[in-house]
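What follows is the content of work_19.pdb (PDB, C-alpha atoms, pLDDT in the B column).
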ATOM      1  CA  MET A 707      -1.477  23.078  16.176  1.00 92.00           C
ATOM      2  CA  GLN A 708      -2.670  23.849  12.680  1.00 97.00           C
ATOM      3  CA  PHE A 709      -5.507  21.947  11.019  1.00 98.00           C
ATOM      4  CA  SER A 710      -6.582  21.163   7.469  1.00 98.00           C
ATOM      5  CA  ALA A 711     -10.201  20.458   6.514  1.00 98.00           C
ATOM      6  CA  ASN A 712     -10.608  17.402   4.315  1.00 98.00           C
ATOM      7  CA  LEU A 713     -13.346  18.507   1.938  1.00 98.00           C
ATOM      8  CA  GLY A 714     -14.016  14.979   0.797  1.00 98.00           C
ATOM      9  CA  PHE A 715     -16.035  14.650   4.023  1.00 98.00           C
ATOM     10  CA  LEU A 716     -16.392  18.135   5.533  1.00 98.00           C
ATOM     11  CA  TRP A 717     -18.837  20.451   3.730  1.00 98.00           C
ATOM     12  CA  ASN A 718     -19.096  17.855   0.954  1.00 96.00           C
ATOM     13  CA  GLU A 719     -22.638  19.034   0.211  1.00 97.00           C
ATOM     14  CA  LEU A 720     -21.145  22.273  -1.156  1.00 98.00           C
ATOM     15  CA  PRO A 721     -19.365  22.845  -4.460  1.00 98.00           C
ATOM     16  CA  LEU A 722     -15.630  22.615  -3.838  1.00 98.00           C
ATOM     17  CA  PRO A 723     -14.891  26.370  -4.154  1.00 98.00           C
ATOM     18  CA  GLU A 724     -17.662  27.138  -1.642  1.00 98.00           C
ATOM     19  CA  ALA A 725     -16.390  24.446   0.710  1.00 98.00           C
ATOM     20  CA  ILE A 726     -12.953  26.091   0.671  1.00 98.00           C
ATOM     21  CA  VAL A 727     -14.525  29.373   1.780  1.00 98.00           C
ATOM     22  CA  ALA A 728     -16.511  27.578   4.497  1.00 98.00           C
ATOM     23  CA  ALA A 729     -13.328  25.988   5.826  1.00 98.00           C
ATOM     24  CA  ARG A 730     -11.618  29.380   5.996  1.00 98.00           C
ATOM     25  CA  ASP A 731     -14.624  30.894   7.786  1.00 98.00           C
ATOM     26  CA  ALA A 732     -14.585  28.055  10.339  1.00 98.00           C
ATOM     27  CA  GLY A 733     -10.958  28.729  11.238  1.00 98.00           C
ATOM     28  CA  PHE A 734      -9.053  26.004   9.381  1.00 98.00           C
ATOM     29  CA  ASP A 735      -5.487  26.754   8.301  1.00 98.00           C
ATOM     30  CA  ALA A 736      -5.551  24.697   5.079  1.00 98.00           C
ATOM     31  CA  VAL A 737      -7.705  22.320   3.061  1.00 99.00           C
ATOM     32  CA  GLU A 738      -7.320  18.980   1.292  1.00 98.00           C
ATOM     33  CA  CYS A 739      -9.633  16.907  -0.855  1.00 98.00           C
ATOM     34  CA  HIS A 740     -10.204  13.523  -2.467  1.00 98.00           C
ATOM     35  CA  TRP A 741     -11.089  13.806  -6.171  1.00 98.00           C
ATOM     36  CA  PRO A 742     -11.468  17.401  -7.396  1.00 98.00           C
ATOM     37  CA  TYR A 743     -11.330  16.589 -11.102  1.00 98.00           C
ATOM     38  CA  ASP A 744     -14.918  17.523 -12.002  1.00 97.00           C
ATOM     39  CA  VAL A 745     -14.223  21.106 -10.906  1.00 98.00           C
ATOM     40  CA  PRO A 746     -12.085  23.246 -13.231  1.00 98.00           C
ATOM     41  CA  ALA A 747      -8.707  23.896 -11.637  1.00 98.00           C
ATOM     42  CA  ASP A 748      -8.976  27.641 -12.199  1.00 98.00           C
ATOM     43  CA  GLU A 749     -12.127  27.770 -10.016  1.00 98.00           C
ATOM     44  CA  VAL A 750     -10.350  25.974  -7.197  1.00 98.00           C
ATOM     45  CA  ARG A 751      -7.273  28.149  -7.602  1.00 98.00           C
ATOM     46  CA  ALA A 752      -9.434  31.290  -7.394  1.00 98.00           C
ATOM     47  CA  ALA A 753     -11.082  30.083  -4.159  1.00 98.00           C
ATOM     48  CA  LEU A 754      -7.692  29.282  -2.650  1.00 98.00           C
ATOM     49  CA  LYS A 755      -6.403  32.729  -3.577  1.00 98.00           C
ATOM     50  CA  GLN A 756      -9.542  34.372  -2.156  1.00 98.00           C
ATOM     51  CA  THR A 757      -9.211  32.588   1.186  1.00 98.00           C
ATOM     52  CA  GLY A 758      -5.440  32.461   1.488  1.00 98.00           C
ATOM     53  CA  LEU A 759      -5.610  28.714   2.130  1.00 98.00           C
ATOM     54  CA  ARG A 760      -3.476  26.052   0.482  1.00 98.00           C
ATOM     55  CA  MET A 761      -4.807  22.761  -0.870  1.00 98.00           C
ATOM     56  CA  LEU A 762      -2.428  20.314   0.806  1.00 98.00           C
ATOM     57  CA  GLY A 763      -3.337  17.140  -1.043  1.00 98.00           C
ATOM     58  CA  LEU A 764      -5.568  15.228  -3.424  1.00 98.00           C
ATOM     59  CA  ASN A 765      -5.985  11.596  -4.506  1.00 98.00           C
ATOM     60  CA  THR A 766      -5.506   9.799  -7.790  1.00 98.00           C
ATOM     61  CA  ARG A 767      -8.801   8.648  -9.294  1.00 98.00           C
ATOM     62  CA  ARG A 768     -10.218   5.382  -8.006  1.00 98.00           C
ATOM     63  CA  GLY A 769     -10.960   3.978 -11.464  1.00 97.00           C
ATOM     64  CA  ASP A 770     -14.331   2.468 -12.428  1.00 96.00           C
ATOM     65  CA  ILE A 771     -16.359   3.082  -9.277  1.00 95.00           C
ATOM     66  CA  SER A 772     -19.405   1.272 -10.657  1.00 95.00           C
ATOM     67  CA  ASN A 773     -17.222  -1.820 -10.989  1.00 94.00           C
ATOM     68  CA  GLY A 774     -15.901  -1.526  -7.428  1.00 95.00           C
ATOM     69  CA  ASP A 775     -12.514   0.107  -8.059  1.00 97.00           C
ATOM     70  CA  ASN A 776     -10.814   1.925  -5.188  1.00 98.00           C
ATOM     71  CA  GLY A 777      -7.535   2.822  -6.850  1.00 98.00           C
ATOM     72  CA  LEU A 778      -5.541   1.296  -9.691  1.00 98.00           C
ATOM     73  CA  CYS A 779      -1.854   1.394  -8.958  1.00 98.00           C
ATOM     74  CA  ALA A 780      -1.374  -2.097  -7.494  1.00 98.00           C
ATOM     75  CA  ILE A 781      -3.568  -3.883 -10.028  1.00 98.00           C
ATOM     76  CA  PRO A 782      -1.581  -5.932 -12.575  1.00 98.00           C
ATOM     77  CA  GLY A 783      -2.624  -5.315 -16.166  1.00 97.00           C
ATOM     78  CA  ARG A 784      -4.008  -1.835 -15.530  1.00 97.00           C
ATOM     79  CA  GLU A 785      -0.754   0.066 -15.609  1.00 98.00           C
ATOM     80  CA  THR A 786      -1.846   2.299 -18.501  1.00 98.00           C
ATOM     81  CA  GLU A 787      -4.939   3.469 -16.583  1.00 98.00           C
ATOM     82  CA  ALA A 788      -2.958   3.846 -13.380  1.00 98.00           C
ATOM     83  CA  ARG A 789      -0.322   6.016 -14.988  1.00 98.00           C
ATOM     84  CA  ALA A 790      -2.927   8.131 -16.742  1.00 98.00           C
ATOM     85  CA  ALA A 791      -4.492   8.756 -13.305  1.00 98.00           C
ATOM     86  CA  ILE A 792      -1.083   9.682 -11.912  1.00 98.00           C
ATOM     87  CA  ASP A 793      -0.436  12.100 -14.789  1.00 98.00           C
ATOM     88  CA  GLU A 794      -3.863  13.690 -14.310  1.00 98.00           C
ATOM     89  CA  ALA A 795      -3.304  14.145 -10.575  1.00 98.00           C
ATOM     90  CA  ILE A 796       0.110  15.722 -11.090  1.00 98.00           C
ATOM     91  CA  ALA A 797      -1.244  18.149 -13.683  1.00 98.00           C
ATOM     92  CA  TYR A 798      -4.119  19.179 -11.408  1.00 98.00           C
ATOM     93  CA  ALA A 799      -1.851  19.492  -8.376  1.00 98.00           C
ATOM     94  CA  ARG A 800       0.552  21.717 -10.267  1.00 98.00           C
ATOM     95  CA  ALA A 801      -2.324  23.894 -11.500  1.00 98.00           C
ATOM     96  CA  ILE A 802      -3.476  24.634  -7.930  1.00 98.00           C
ATOM     97  CA  ASP A 803      -0.055  24.476  -6.184  1.00 98.00           C
ATOM     98  CA  THR A 804      -0.799  21.317  -4.204  1.00 98.00           C
ATOM     99  CA  PRO A 805       2.293  19.678  -2.661  1.00 98.00           C
ATOM    100  CA  ASN A 806       0.998  16.128  -2.033  1.00 98.00           C
ATOM    101  CA  ILE A 807      -0.703  13.414  -4.080  1.00 98.00           C
ATOM    102  CA  HIS A 808      -2.090  10.240  -2.513  1.00 98.00           C
ATOM    103  CA  VAL A 809      -1.587   7.438  -5.047  1.00 98.00           C
ATOM    104  CA  MET A 810      -4.330   4.877  -4.410  1.00 98.00           C
ATOM    105  CA  ALA A 811      -3.327   1.222  -4.598  1.00 98.00           C
ATOM    106  CA  GLY A 812      -6.693  -0.490  -5.121  1.00 98.00           C
ATOM    107  CA  PHE A 813      -7.926  -3.996  -4.381  1.00 98.00           C
ATOM    108  CA  ALA A 814      -5.209  -6.553  -5.092  1.00 98.00           C
ATOM    109  CA  GLU A 815      -2.918  -9.046  -3.383  1.00 97.00           C
ATOM    110  CA  GLY A 816       0.230 -11.055  -3.951  1.00 98.00           C
ATOM    111  CA  GLU A 817       3.718 -10.566  -5.341  1.00 98.00           C
ATOM    112  CA  GLU A 818       2.593  -9.357  -8.762  1.00 98.00           C
ATOM    113  CA  ALA A 819       0.455  -6.663  -7.155  1.00 98.00           C
ATOM    114  CA  HIS A 820       3.416  -5.651  -4.981  1.00 98.00           C
ATOM    115  CA  SER A 821       5.708  -5.344  -8.009  1.00 98.00           C
ATOM    116  CA  THR A 822       3.070  -3.423  -9.949  1.00 98.00           C
ATOM    117  CA  PHE A 823       2.601  -0.959  -7.091  1.00 98.00           C
ATOM    118  CA  VAL A 824       6.347  -0.440  -6.682  1.00 98.00           C
ATOM    119  CA  GLU A 825       6.873   0.271 -10.383  1.00 98.00           C
ATOM    120  CA  ASN A 826       3.893   2.618 -10.590  1.00 98.00           C
ATOM    121  CA  LEU A 827       5.138   4.476  -7.523  1.00 98.00           C
ATOM    122  CA  ARG A 828       8.571   4.895  -9.078  1.00 98.00           C
ATOM    123  CA  TYR A 829       6.863   6.303 -12.159  1.00 98.00           C
ATOM    124  CA  ALA A 830       4.767   8.664 -10.014  1.00 98.00           C
ATOM    125  CA  CYS A 831       7.756   9.870  -7.994  1.00 98.00           C
ATOM    126  CA  ASP A 832       9.843  10.556 -11.087  1.00 98.00           C
ATOM    127  CA  LYS A 833       7.010  12.475 -12.771  1.00 98.00           C
ATOM    128  CA  ALA A 834       6.144  14.419  -9.608  1.00 98.00           C
ATOM    129  CA  ALA A 835       9.696  15.441  -8.770  1.00 97.00           C
ATOM    130  CA  ALA A 836       9.805  18.173 -11.411  1.00 94.00           C
ATOM    131  CA  GLY A 837       6.936  19.945  -9.655  1.00 94.00           C
ATOM    132  CA  ASN A 838       8.358  19.417  -6.138  1.00 97.00           C
ATOM    133  CA  ILE A 839       5.357  17.197  -5.363  1.00 98.00           C
ATOM    134  CA  THR A 840       5.441  14.460  -2.728  1.00 98.00           C
ATOM    135  CA  ILE A 841       3.753  11.137  -3.446  1.00 99.00           C
ATOM    136  CA  LEU A 842       1.883   9.664  -0.471  1.00 99.00           C
ATOM    137  CA  ILE A 843       0.722   6.111   0.166  1.00 98.00           C
ATOM    138  CA  GLU A 844      -1.927   5.366   2.792  1.00 98.00           C
ATOM    139  CA  PRO A 845      -2.770   2.040   4.429  1.00 98.00           C
ATOM    140  CA  LEU A 846      -6.546   1.542   4.658  1.00 98.00           C
ATOM    141  CA  ASN A 847      -8.027  -0.624   7.391  1.00 97.00           C
ATOM    142  CA  PRO A 848      -9.622  -3.953   6.373  1.00 96.00           C
ATOM    143  CA  TYR A 849     -12.955  -3.135   8.022  1.00 96.00           C
ATOM    144  CA  ASP A 850     -13.652  -0.172   5.742  1.00 96.00           C
ATOM    145  CA  ALA A 851     -11.718  -1.407   2.700  1.00 97.00           C
ATOM    146  CA  PRO A 852     -11.463  -5.214   2.767  1.00 97.00           C
ATOM    147  CA  GLY A 853      -9.020  -6.438   0.142  1.00 97.00           C
ATOM    148  CA  TYR A 854      -7.214  -3.113  -0.249  1.00 98.00           C
ATOM    149  CA  PHE A 855      -3.608  -3.850  -1.147  1.00 98.00           C
ATOM    150  CA  LEU A 856      -1.939  -1.561   1.408  1.00 98.00           C
ATOM    151  CA  SER A 857      -3.214  -2.437   4.876  1.00 96.00           C
ATOM    152  CA  ASP A 858      -0.723  -1.349   7.556  1.00 97.00           C
ATOM    153  CA  THR A 859       2.161   1.005   8.221  1.00 98.00           C
ATOM    154  CA  ARG A 860       4.816  -1.726   8.317  1.00 97.00           C
ATOM    155  CA  GLN A 861       3.937  -2.810   4.789  1.00 98.00           C
ATOM    156  CA  ALA A 862       3.985   0.829   3.718  1.00 98.00           C
ATOM    157  CA  GLY A 863       7.424   1.331   5.255  1.00 98.00           C
ATOM    158  CA  GLU A 864       8.815  -1.665   3.394  1.00 98.00           C
ATOM    159  CA  ILE A 865       7.444  -0.346   0.099  1.00 98.00           C
ATOM    160  CA  ILE A 866       8.853   3.143   0.724  1.00 98.00           C
ATOM    161  CA  ALA A 867      12.272   1.596   1.359  1.00 98.00           C
ATOM    162  CA  GLU A 868      12.068  -0.532  -1.798  1.00 98.00           C
ATOM    163  CA  VAL A 869      10.938   2.310  -4.063  1.00 98.00           C
ATOM    164  CA  ALA A 870      13.801   4.405  -2.652  1.00 98.00           C
ATOM    165  CA  LYS A 871      12.614   7.800  -3.860  1.00 98.00           C
ATOM    166  CA  ALA A 872      13.046  10.883  -1.688  1.00 98.00           C
ATOM    167  CA  ASN A 873       9.572  12.207  -2.578  1.00 98.00           C
ATOM    168  CA  LEU A 874       7.666   9.073  -1.485  1.00 98.00           C
ATOM    169  CA  LYS A 875       6.157   9.373   2.007  1.00 98.00           C
ATOM    170  CA  LEU A 876       3.542   7.801   4.263  1.00 98.00           C
ATOM    171  CA  MET A 877       0.087   9.245   4.805  1.00 98.00           C
ATOM    172  CA  PHE A 878      -0.325   8.428   8.496  1.00 98.00           C
ATOM    173  CA  ASP A 879      -4.064   8.328   9.189  1.00 98.00           C
ATOM    174  CA  CYS A 880      -4.608   7.928  12.931  1.00 98.00           C
ATOM    175  CA  TYR A 881      -8.067   6.492  12.258  1.00 98.00           C
ATOM    176  CA  HIS A 882      -6.892   3.682   9.993  1.00 98.00           C
ATOM    177  CA  VAL A 883      -3.925   2.923  12.262  1.00 98.00           C
ATOM    178  CA  GLY A 884      -6.195   2.892  15.293  1.00 97.00           C
ATOM    179  CA  ARG A 885      -8.552   0.428  13.639  1.00 97.00           C
ATOM    180  CA  THR A 886      -5.823  -1.924  12.372  1.00 95.00           C
ATOM    181  CA  GLU A 887      -2.734  -1.561  14.558  1.00 96.00           C
ATOM    182  CA  GLY A 888      -4.108  -0.095  17.767  1.00 91.00           C
ATOM    183  CA  ASP A 889      -1.138   1.783  19.207  1.00 93.00           C
ATOM    184  CA  VAL A 890      -1.556   5.100  17.421  1.00 97.00           C
ATOM    185  CA  LEU A 891       1.116   7.031  19.321  1.00 96.00           C
ATOM    186  CA  GLY A 892       3.613   4.189  19.252  1.00 96.00           C
ATOM    187  CA  ARG A 893       3.215   3.705  15.534  1.00 97.00           C
ATOM    188  CA  LEU A 894       3.363   7.466  14.949  1.00 97.00           C
ATOM    189  CA  ARG A 895       6.649   7.803  16.822  1.00 97.00           C
ATOM    190  CA  GLU A 896       8.167   4.988  14.768  1.00 97.00           C
ATOM    191  CA  CYS A 897       6.754   6.164  11.437  1.00 98.00           C
ATOM    192  CA  LEU A 898       7.364   9.904  11.796  1.00 97.00           C
ATOM    193  CA  PRO A 899      10.591   9.928   9.713  1.00 97.00           C
ATOM    194  CA  LEU A 900       8.635   8.381   6.812  1.00 98.00           C
ATOM    195  CA  THR A 901       5.535  10.536   7.202  1.00 98.00           C
ATOM    196  CA  GLY A 902       4.477  13.258   4.780  1.00 98.00           C
ATOM    197  CA  HIS A 903       0.992  14.033   6.131  1.00 98.00           C
ATOM    198  CA  ILE A 904      -1.100  13.124   9.198  1.00 98.00           C
ATOM    199  CA  GLN A 905      -4.879  12.688   9.257  1.00 98.00           C
ATOM    200  CA  PHE A 906      -7.307  11.856  12.048  1.00 98.00           C
ATOM    201  CA  ALA A 907     -10.870  10.858  12.985  1.00 98.00           C
ATOM    202  CA  SER A 908     -12.445   9.173  15.966  1.00 98.00           C
ATOM    203  CA  VAL A 909     -12.025   5.422  16.390  1.00 98.00           C
ATOM    204  CA  PRO A 910     -13.987   3.317  15.604  1.00 97.00           C
ATOM    205  CA  ASP A 911     -16.831   5.354  14.059  1.00 97.00           C
ATOM    206  CA  ARG A 912     -14.765   7.849  11.995  1.00 98.00           C
ATOM    207  CA  GLY A 913     -16.596  10.792  13.501  1.00 98.00           C
ATOM    208  CA  ALA A 914     -15.300  14.053  14.953  1.00 98.00           C
ATOM    209  CA  PRO A 915     -12.234  13.631  17.213  1.00 98.00           C
ATOM    210  CA  ASP A 916     -14.073  14.471  20.432  1.00 96.00           C
ATOM    211  CA  HIS A 917     -14.995  10.912  21.437  1.00 97.00           C
ATOM    212  CA  GLY A 918     -14.016   7.289  20.913  1.00 97.00           C
ATOM    213  CA  GLU A 919     -11.068   5.054  21.737  1.00 96.00           C
ATOM    214  CA  VAL A 920      -8.323   7.546  20.844  1.00 97.00           C
ATOM    215  CA  ASP A 921      -7.741  10.554  23.123  1.00 96.00           C
ATOM    216  CA  TYR A 922      -6.891  13.197  20.564  1.00 97.00           C
ATOM    217  CA  LYS A 923      -5.945  15.821  23.127  1.00 96.00           C
ATOM    218  CA  THR A 924      -3.082  13.514  24.057  1.00 96.00           C
ATOM    219  CA  VAL A 925      -2.332  12.667  20.411  1.00 97.00           C
ATOM    220  CA  PHE A 926      -2.222  16.305  19.329  1.00 97.00           C
ATOM    221  CA  ALA A 927       0.026  17.209  22.273  1.00 96.00           C
ATOM    222  CA  GLU A 928       2.409  14.365  21.401  1.00 96.00           C
ATOM    223  CA  ILE A 929       2.500  15.380  17.726  1.00 97.00           C
ATOM    224  CA  ALA A 930       3.431  18.915  18.764  1.00 96.00           C
ATOM    225  CA  ALA A 931       6.083  17.588  21.149  1.00 96.00           C
ATOM    226  CA  LEU A 932       7.588  15.549  18.327  1.00 96.00           C
ATOM    227  CA  GLY A 933       8.142  18.790  16.409  1.00 96.00           C
ATOM    228  CA  TRP A 934       5.476  18.325  13.736  1.00 97.00           C
ATOM    229  CA  SER A 935       4.340  21.744  12.521  1.00 95.00           C
ATOM    230  CA  ALA A 936       2.369  21.043   9.313  1.00 97.00           C
ATOM    231  CA  PRO A 937      -1.439  21.139   9.453  1.00 98.00           C
ATOM    232  CA  LEU A 938      -3.150  17.908  10.561  1.00 98.00           C
ATOM    233  CA  GLY A 939      -5.899  16.679   8.254  1.00 98.00           C
ATOM    234  CA  ALA A 940      -9.408  16.442   9.730  1.00 98.00           C
ATOM    235  CA  GLU A 941     -10.771  13.572   7.638  1.00 98.00           C
ATOM    236  CA  TYR A 942     -13.871  12.558   9.556  1.00 98.00           C
ATOM    237  CA  LYS A 943     -17.500  11.959   8.623  1.00 98.00           C
ATOM    238  CA  PRO A 944     -19.865  14.484  10.213  1.00 97.00           C
ATOM    239  CA  VAL A 945     -23.168  13.049  11.428  1.00 95.00           C
ATOM    240  CA  GLU A 946     -24.753  16.507  11.178  1.00 96.00           C
ATOM    241  CA  LYS A 947     -23.867  19.853   9.625  1.00 97.00           C
ATOM    242  CA  THR A 948     -20.092  20.239   9.633  1.00 98.00           C
ATOM    243  CA  GLU A 949     -20.272  23.487  11.632  1.00 97.00           C
ATOM    244  CA  ALA A 950     -22.053  21.657  14.461  1.00 97.00           C
ATOM    245  CA  THR A 951     -19.140  19.197  14.812  1.00 98.00           C
ATOM    246  CA  LEU A 952     -16.309  21.713  15.246  1.00 98.00           C
ATOM    247  CA  GLY A 953     -16.210  22.102  19.022  1.00 96.00           C
ATOM    248  CA  TRP A 954     -12.942  20.133  19.027  1.00 97.00           C
ATOM    249  CA  LEU A 955     -11.321  22.715  16.731  1.00 97.00           C
ATOM    250  CA  ALA A 956     -11.858  25.608  19.131  1.00 90.00           C
ATOM    251  CA  SER A 957     -10.465  23.621  22.065  1.00 87.00           C
ATOM    252  CA  ALA A 958      -7.493  22.319  20.060  1.00 87.00           C
TER     253      ALA A 958
END
Structure encoded using structure tokens:
Amino acid sequence: MQFSANLGFLWNELPLPEAIVAARDAGFDAVECHWPYDVPADEVRAALKQTGLRMLGLNTRRGDISNGDNGLCAIPGRETEARAAIDEAIAYARAIDTPNIHVMAGFAEGEEAHSTFVENLRYACDKAAAGNITILIEPLNPYDAPGYFLSDTRQAGEIIAEVAKANLKLMFDCYHVGRTEGDVLGRLRECLPLTGHIQFASVPDRGAPDHGEVDYKTVFAEIAALGWSAPLGAEYKPVEKTEATLGWLASA
């Protein structure tokens, strides 16, 4: 197995270029992040070149965090902001050779929100195609993100089918699926043809994958048996220094 360090949570006390180096030194095969936009792209690109790692993915901006935003792309009436965030993410991804962008839906509900999300995703896919970038959508569990528009993998699959763009895929986060749908391996087997990236953390506390309700030794073995070869994203919240939580990486 290969593994990617999600620097939104791991080494997030360090500046992003330093966190990339720390991930390389710890033995990760790649990195990913949440919102890198406050760091000049050339600094991130230099750190990636120095380490030989690739930044696998980043997120569109959440919007006005002080006002409670957690994404914009399913919110009716905010299409201009949503598409500006999509354009910004594509430009940054192209500058650092990142192949995936997670387009965040935000807090919304109903048919108008569904239509808004679909149209914004079509826009994102069309704009991203020129750079060979895949657009990802990720269901978030209702315990951590109550009211988030996209809440389970079945809803995500229906939206992917409706958008009907080859570069729209599912971000399958074992943690969120474990919290909401329960059967992580069953859902993974069904969703694999739609999946563009896989992430993981312990269930239910979102810690390192060495404890909790999901047996990740079994999950990782099944992912390998299914033929998945891309790095898996370690997106968990360390309760101490990141280095002290990496025993699972050596054993995996």
All residues 7 Å or closer to region 764-780 of chain A, only C-alpha atoms, same chain fewer than 3 positions away omitted, as a PyMOL selection string: chain A and resi 738-741+784-785+788+791-792+795+806-814+819-820+822-823+826+855
What would the selection look like, as a PDB file with C-alpha atoms, in the frame of the given file, if the PyMOL selection byres ((chain A and resi 718) around 12) were run on the coordinates I just shared?
ATOM      1  CA  ALA A 711     -10.201  20.458   6.514  1.00 98.00           C
ATOM      2  CA  ASN A 712     -10.608  17.402   4.315  1.00 98.00           C
ATOM      3  CA  LEU A 713     -13.346  18.507   1.938  1.00 98.00           C
ATOM      4  CA  GLY A 714     -14.016  14.979   0.797  1.00 98.00           C
ATOM      5  CA  PHE A 715     -16.035  14.650   4.023  1.00 98.00           C
ATOM      6  CA  LEU A 716     -16.392  18.135   5.533  1.00 98.00           C
ATOM      7  CA  TRP A 717     -18.837  20.451   3.730  1.00 98.00           C
ATOM      8  CA  GLU A 719     -22.638  19.034   0.211  1.00 97.00           C
ATOM      9  CA  LEU A 720     -21.145  22.273  -1.156  1.00 98.00           C
ATOM     10  CA  PRO A 721     -19.365  22.845  -4.460  1.00 98.00           C
ATOM     11  CA  LEU A 722     -15.630  22.615  -3.838  1.00 98.00           C
ATOM     12  CA  PRO A 723     -14.891  26.370  -4.154  1.00 98.00           C
ATOM     13  CA  GLU A 724     -17.662  27.138  -1.642  1.00 98.00           C
ATOM     14  CA  ALA A 725     -16.390  24.446   0.710  1.00 98.00           C
ATOM     15  CA  ILE A 726     -12.953  26.091   0.671  1.00 98.00           C
ATOM     16  CA  ALA A 728     -16.511  27.578   4.497  1.00 98.00           C
ATOM     17  CA  ALA A 729     -13.328  25.988   5.826  1.00 98.00           C
ATOM     18  CA  GLU A 738      -7.320  18.980   1.292  1.00 98.00           C
ATOM     19  CA  CYS A 739      -9.633  16.907  -0.855  1.00 98.00           C
ATOM     20  CA  HIS A 740     -10.204  13.523  -2.467  1.00 98.00           C
ATOM     21  CA  TRP A 741     -11.089  13.806  -6.171  1.00 98.00           C
ATOM     22  CA  PRO A 742     -11.468  17.401  -7.396  1.00 98.00           C
ATOM     23  CA  GLU A 941     -10.771  13.572   7.638  1.00 98.00           C
ATOM     24  CA  TYR A 942     -13.871  12.558   9.556  1.00 98.00           C
ATOM     25  CA  LYS A 943     -17.500  11.959   8.623  1.00 98.00           C
ATOM     26  CA  PRO A 944     -19.865  14.484  10.213  1.00 97.00           C
ATOM     27  CA  GLU A 946     -24.753  16.507  11.178  1.00 96.00           C
ATOM     28  CA  LYS A 947     -23.867  19.853   9.625  1.00 97.00           C
ATOM     29  CA  THR A 948     -20.092  20.239   9.633  1.00 98.00           C
TER      30      THR A 948
END
Reference answer for the PyMOL selection byres ((chain A and resi 925) around 12), as a PyMOL selection string: chain A and resi 707+880-881+884+889-895+904-908+915-916+919-924+926-932+934+938+958
Grab all the atoms of region 936-945 of chain A that the file lists, wrap them in a box along x, y and z, add 3 Å per side, and give me centre plus edge lengths in Å (one decimal) as lines of an AutoDock Vina configuration file.
center_x = -10.4
center_y = 16.5
center_z = 9.5
size_x = 31.5
size_y = 15.2
size_z = 9.8
Residue among A:Ala936, A:Ile839, A:Cys897, A:Ala834 lying closest to Ala862 (chain A), counting only C-alpha atoms: A:Cys897
Counting all atoms listed in the file, the residue of A:Asn847, A:Ser957, A:Ser857, A:Thr951 that sits nearest Val909 (chain A): A:Asn847
Point-to-point distance in Å for CA of Pro910 (chain A) and CA of Ile841 (chain A): 27.2 Å
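Going from CA of Val869 (chain A) to CA of Glu818 (chain A) covers 15.1 Å.
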